[in-house]
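As provided, run-v9.cif (mmCIF, C-alpha atoms) reads as follows.
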```cif
data_final
#
loop_
_atom_site.group_PDB
_atom_site.id
_atom_site.type_symbol
_atom_site.label_atom_id
_atom_site.label_comp_id
_atom_site.auth_asym_id
_atom_site.auth_seq_id
_atom_site.Cartn_x
_atom_site.Cartn_y
_atom_site.Cartn_z
ATOM 1 C CA MET A 1 -32.196 -12.872 -63.917
ATOM 2 C CA ASN A 2 -33.664 -14.736 -60.972
ATOM 3 C CA ARG A 3 -30.399 -16.554 -60.360
ATOM 4 C CA ILE A 4 -27.717 -15.252 -57.989
ATOM 5 C CA ASN A 5 -24.360 -14.655 -59.549
ATOM 6 C CA PRO A 6 -21.693 -16.968 -57.967
ATOM 7 C CA LEU A 7 -19.201 -14.112 -58.167
ATOM 8 C CA HIS A 8 -21.361 -12.062 -55.782
ATOM 9 C CA ILE A 9 -21.493 -14.968 -53.311
ATOM 10 C CA GLY A 10 -17.687 -15.312 -53.472
ATOM 11 C CA VAL A 11 -17.164 -11.604 -52.849
ATOM 12 C CA LEU A 12 -19.638 -11.720 -49.958
ATOM 13 C CA LEU A 13 -17.797 -14.674 -48.409
ATOM 14 C CA VAL A 14 -14.440 -12.869 -48.753
ATOM 15 C CA VAL A 15 -15.897 -9.723 -47.117
ATOM 16 C CA ILE A 16 -17.325 -11.815 -44.263
ATOM 17 C CA LEU A 17 -13.958 -13.569 -43.842
ATOM 18 C CA ILE A 18 -12.115 -10.223 -43.654
ATOM 19 C CA PHE A 19 -14.669 -8.893 -41.150
ATOM 20 C CA PHE A 20 -14.271 -11.918 -38.858
ATOM 21 C CA ALA A 21 -10.472 -11.775 -39.147
ATOM 22 C CA TYR A 22 -10.589 -8.127 -38.065
ATOM 23 C CA LYS A 23 -12.889 -8.929 -35.137
ATOM 24 C CA LEU A 24 -10.648 -11.854 -34.128
ATOM 25 C CA SER A 25 -7.536 -9.659 -34.053
ATOM 26 C CA GLY A 26 -9.398 -7.120 -31.880
ATOM 27 C CA ALA A 27 -10.483 -9.871 -29.491
ATOM 28 C CA LYS A 28 -6.891 -11.179 -29.307
ATOM 29 C CA SER A 29 -5.566 -7.741 -28.382
ATOM 30 C CA GLU A 30 -8.285 -7.330 -25.720
ATOM 31 C CA LEU A 31 -7.388 -10.754 -24.308
ATOM 32 C CA SER A 32 -3.688 -9.870 -24.081
ATOM 33 C CA GLU A 33 -4.558 -6.577 -22.339
ATOM 34 C CA ALA A 34 -6.787 -8.446 -19.880
ATOM 35 C CA LYS A 35 -3.974 -10.932 -19.170
ATOM 36 C CA ASN A 36 -1.513 -8.103 -18.508
ATOM 37 C CA SER A 37 -4.016 -6.372 -16.248
ATOM 38 C CA TYR A 38 -4.589 -9.627 -14.367
ATOM 39 C CA LYS A 39 -0.840 -10.130 -13.854
ATOM 40 C CA GLU A 40 -0.431 -6.578 -12.525
ATOM 41 C CA THR A 41 -3.414 -6.954 -10.207
ATOM 42 C CA LYS A 42 -2.084 -10.266 -8.930
ATOM 43 C CA GLU A 43 1.347 -8.756 -8.172
ATOM 44 C CA ILE A 44 -0.227 -5.801 -6.368
ATOM 45 C CA SER A 45 -2.494 -8.052 -4.315
ATOM 46 C CA LEU A 46 0.475 -10.218 -3.280
ATOM 47 C CA ARG A 47 2.402 -7.137 -2.171
ATOM 48 C CA LEU A 48 -0.606 -5.767 -0.304
ATOM 49 C CA SER A 49 -1.235 -9.042 1.485
ATOM 50 C CA GLY A 50 2.418 -9.097 2.560
ATOM 51 C CA LEU A 51 2.182 -5.536 3.835
ATOM 52 C CA LYS A 52 -1.071 -6.342 5.610
ATOM 53 C CA GLU A 53 0.610 -9.196 7.466
ATOM 54 C CA VAL A 54 3.431 -6.898 8.573
ATOM 55 C CA TYR A 55 1.455 -3.808 9.564
ATOM 56 C CA GLU A 56 -1.820 -5.252 10.821
ATOM 57 C CA ASP A 57 -0.531 -7.440 13.657
ATOM 58 C CA LYS A 58 -1.556 -5.279 16.625
ATOM 59 C CA ASP A 59 0.128 -7.404 19.311
ATOM 60 C CA LYS A 60 3.436 -7.492 17.446
ATOM 61 C CA VAL A 61 3.435 -3.720 16.989
ATOM 62 C CA GLU A 62 2.545 -3.104 20.649
ATOM 63 C CA LYS A 63 5.314 -5.408 21.915
ATOM 64 C CA ALA A 64 7.896 -3.789 19.646
ATOM 65 C CA LEU A 65 6.836 -0.282 20.729
ATOM 66 C CA LYS A 66 6.957 -1.294 24.386
ATOM 67 C CA ARG A 67 10.479 -2.663 23.899
ATOM 68 C CA ILE A 68 11.583 0.587 22.235
ATOM 69 C CA LEU A 69 9.988 2.875 24.820
ATOM 70 C CA GLU A 70 11.529 0.973 27.754
ATOM 71 C CA GLN A 71 15.079 1.660 26.605
ATOM 72 C CA PRO A 72 17.296 3.525 29.088
ATOM 73 C CA SER A 73 17.966 6.387 26.658
ATOM 74 C CA LEU A 74 14.231 7.182 26.592
ATOM 75 C CA SER A 75 13.431 6.739 30.297
ATOM 76 C CA ALA A 76 14.105 10.409 31.169
ATOM 77 C CA ALA A 77 11.847 11.649 28.359
ATOM 78 C CA LYS A 78 8.575 10.959 30.257
ATOM 79 C CA ILE A 79 6.836 9.500 27.229
ATOM 80 C CA GLU A 80 3.082 9.088 27.576
ATOM 81 C CA GLN A 81 1.089 6.487 25.644
ATOM 82 C CA ASP A 82 -2.585 6.728 24.761
ATOM 83 C CA LYS A 83 -3.871 3.426 23.341
ATOM 84 C CA LYS A 84 -6.911 3.435 21.081
ATOM 85 C CA SER A 85 -8.623 0.756 19.046
ATOM 86 C CA THR A 86 -7.045 2.010 15.820
ATOM 87 C CA GLY A 87 -3.562 2.754 17.135
ATOM 88 C CA ILE A 88 -1.470 4.421 19.776
ATOM 89 C CA ILE A 89 -0.519 8.055 20.397
ATOM 90 C CA ILE A 90 2.954 8.660 21.832
ATOM 91 C CA SER A 91 3.636 12.070 23.327
ATOM 92 C CA SER A 92 6.192 13.864 25.427
ATOM 93 C CA LYS A 93 6.066 17.488 26.545
ATOM 94 C CA ASP A 94 9.803 17.858 27.126
ATOM 95 C CA MET A 95 12.353 15.581 25.492
ATOM 96 C CA ASP A 96 16.052 16.133 24.818
ATOM 97 C CA LEU A 97 17.271 15.958 21.218
ATOM 98 C CA ASP A 98 19.302 12.775 21.724
ATOM 99 C CA ALA A 99 16.205 10.953 22.949
ATOM 100 C CA ILE A 100 14.169 12.224 19.980
ATOM 101 C CA ASN A 101 16.885 11.145 17.549
ATOM 102 C CA SER A 102 17.082 7.724 19.156
ATOM 103 C CA LEU A 103 13.308 7.249 19.159
ATOM 104 C CA MET A 104 12.824 8.485 15.607
ATOM 105 C CA SER A 105 15.635 6.346 14.210
ATOM 106 C CA LYS A 106 14.174 3.216 15.815
ATOM 107 C CA LEU A 107 10.612 3.986 14.701
ATOM 108 C CA LEU A 108 11.500 5.017 11.150
ATOM 109 C CA ASN A 109 13.720 1.978 10.638
ATOM 110 C CA GLY A 110 11.023 -0.355 11.963
ATOM 111 C CA LEU A 111 7.815 -1.580 10.367
ATOM 112 C CA TYR A 112 5.318 0.899 11.789
ATOM 113 C CA SER A 113 2.455 2.692 10.089
ATOM 114 C CA ILE A 114 3.076 6.238 11.310
ATOM 115 C CA LYS A 115 0.065 8.442 10.634
ATOM 116 C CA THR A 116 1.194 11.773 12.095
ATOM 117 C CA VAL A 117 4.360 13.206 13.631
ATOM 118 C CA GLU A 118 4.551 16.601 15.287
ATOM 119 C CA ILE A 119 7.832 17.829 16.777
ATOM 120 C CA LYS A 120 8.080 21.342 18.221
ATOM 121 C CA LYS A 121 11.354 22.888 19.288
ATOM 122 C CA LEU A 122 11.102 24.245 22.839
ATOM 123 C CA SER A 123 14.739 25.233 23.338
ATOM 124 C CA PRO A 124 18.062 24.485 21.618
ATOM 125 C CA THR A 125 18.317 21.193 23.515
ATOM 126 C CA SER A 126 14.693 20.078 23.958
ATOM 127 C CA ALA A 127 11.493 19.587 22.014
ATOM 128 C CA SER A 128 7.979 18.231 22.377
ATOM 129 C CA LEU A 129 6.734 15.235 20.431
ATOM 130 C CA VAL A 130 3.325 13.889 19.394
ATOM 131 C CA MET A 131 3.173 10.826 17.150
ATOM 132 C CA GLU A 132 0.279 8.585 16.089
ATOM 133 C CA ILE A 133 0.983 5.011 15.028
ATOM 134 C CA THR A 134 -1.873 2.989 13.545
ATOM 135 C CA TRP A 135 -2.409 -0.714 12.976
#
```
Can you dump the structure from the file as structure tokens?
Amino acid sequence: MNRINPLHIGVLLVVILIFFAYKLSGAKSELSEAKNSYKETKEISLRLSGLKEVYEDKDKVEKALKRILEQPSLSAAKIEQDKKSTGIIISSKDMDLDAINSLMSKLLNGLYSIKTVEIKKLSPTSASLVMEITW
């Protein structure tokens, strides 16, 4: 009775083989999930770096805003600019609706990071505007 039955050793080896096969399949699924997560993270980081290049260039944004604000359709609007380290605040106390439409269409179609916009109607043909653009 001191001898080990070979049948018990065979069963033990089969159980160990099944256990390792189960662990291997779990590790394979974790690896595929990690690969998918890595691909998604890589795509997001590429998009964010592209957006950072577009929105973070302070000089480019300032030049484009200056070009927009110097247009003849906006000269009568008396637009004031307050430059800060994080962005610029554009405001006008009395602006006609055509000038607001022109300004908003140019700013919304451009690549600007607009933080806040506040437009108040003063009369049927004029309004006030406060807008903060960040970089």
Checklist line | Residue contacts of stretch 93-104 of chain A (12 Å, only C-alpha atoms) excluding same-chain residues fewer than 2 positions away, as an NGL selection string | finding: :A and (65-80 or 90-91 or 106-110 or 112 or 114 or 117-131)
Margin query: Using all atoms listed in the file, can you tell me which of A:Lys42, A:Gly50, A:Val61, A:Thr134 comes closest to A:Ser85?
Written below: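 Result for the nearest residue to A:Ser85: A:Thr134.
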Next item on the list: State, in Å with one decimal place, the distance from atom CA of A:Trp135 to atom CA of A:Gln81.
Entry: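 Those two atoms sit 15.0 Å apart.
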Item checked: Between atom CA of A:Glu132 and atom CA of A:Lys84, distance in Å (one decimal) ->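 Taking atom CA of A:Glu132 and atom CA of A:Lys84, their separation equals 10.2 Å.
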Next item on the list: Just give me the gap between atom CA of A:Val11 and atom CA of A:Ala27 in Å, one decimal is fine.
Entry: 24.4 Å
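Shortest atom-to-atom contact with A:Asp57 among A:Asn2, A:Gly87, A:Glu40, A:Leu24: A:Gly87, counting only C-alpha atoms.
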Centre and size of axis-aligned box enclosing stretch 88-107 of chain A plus 5 Å each side, as lines of an AutoDock Vina configuration file:
```
center_x = 8.9
center_y = 10.5
center_z = 20.7
size_x = 30.8
size_y = 24.6
size_z = 22.9
```
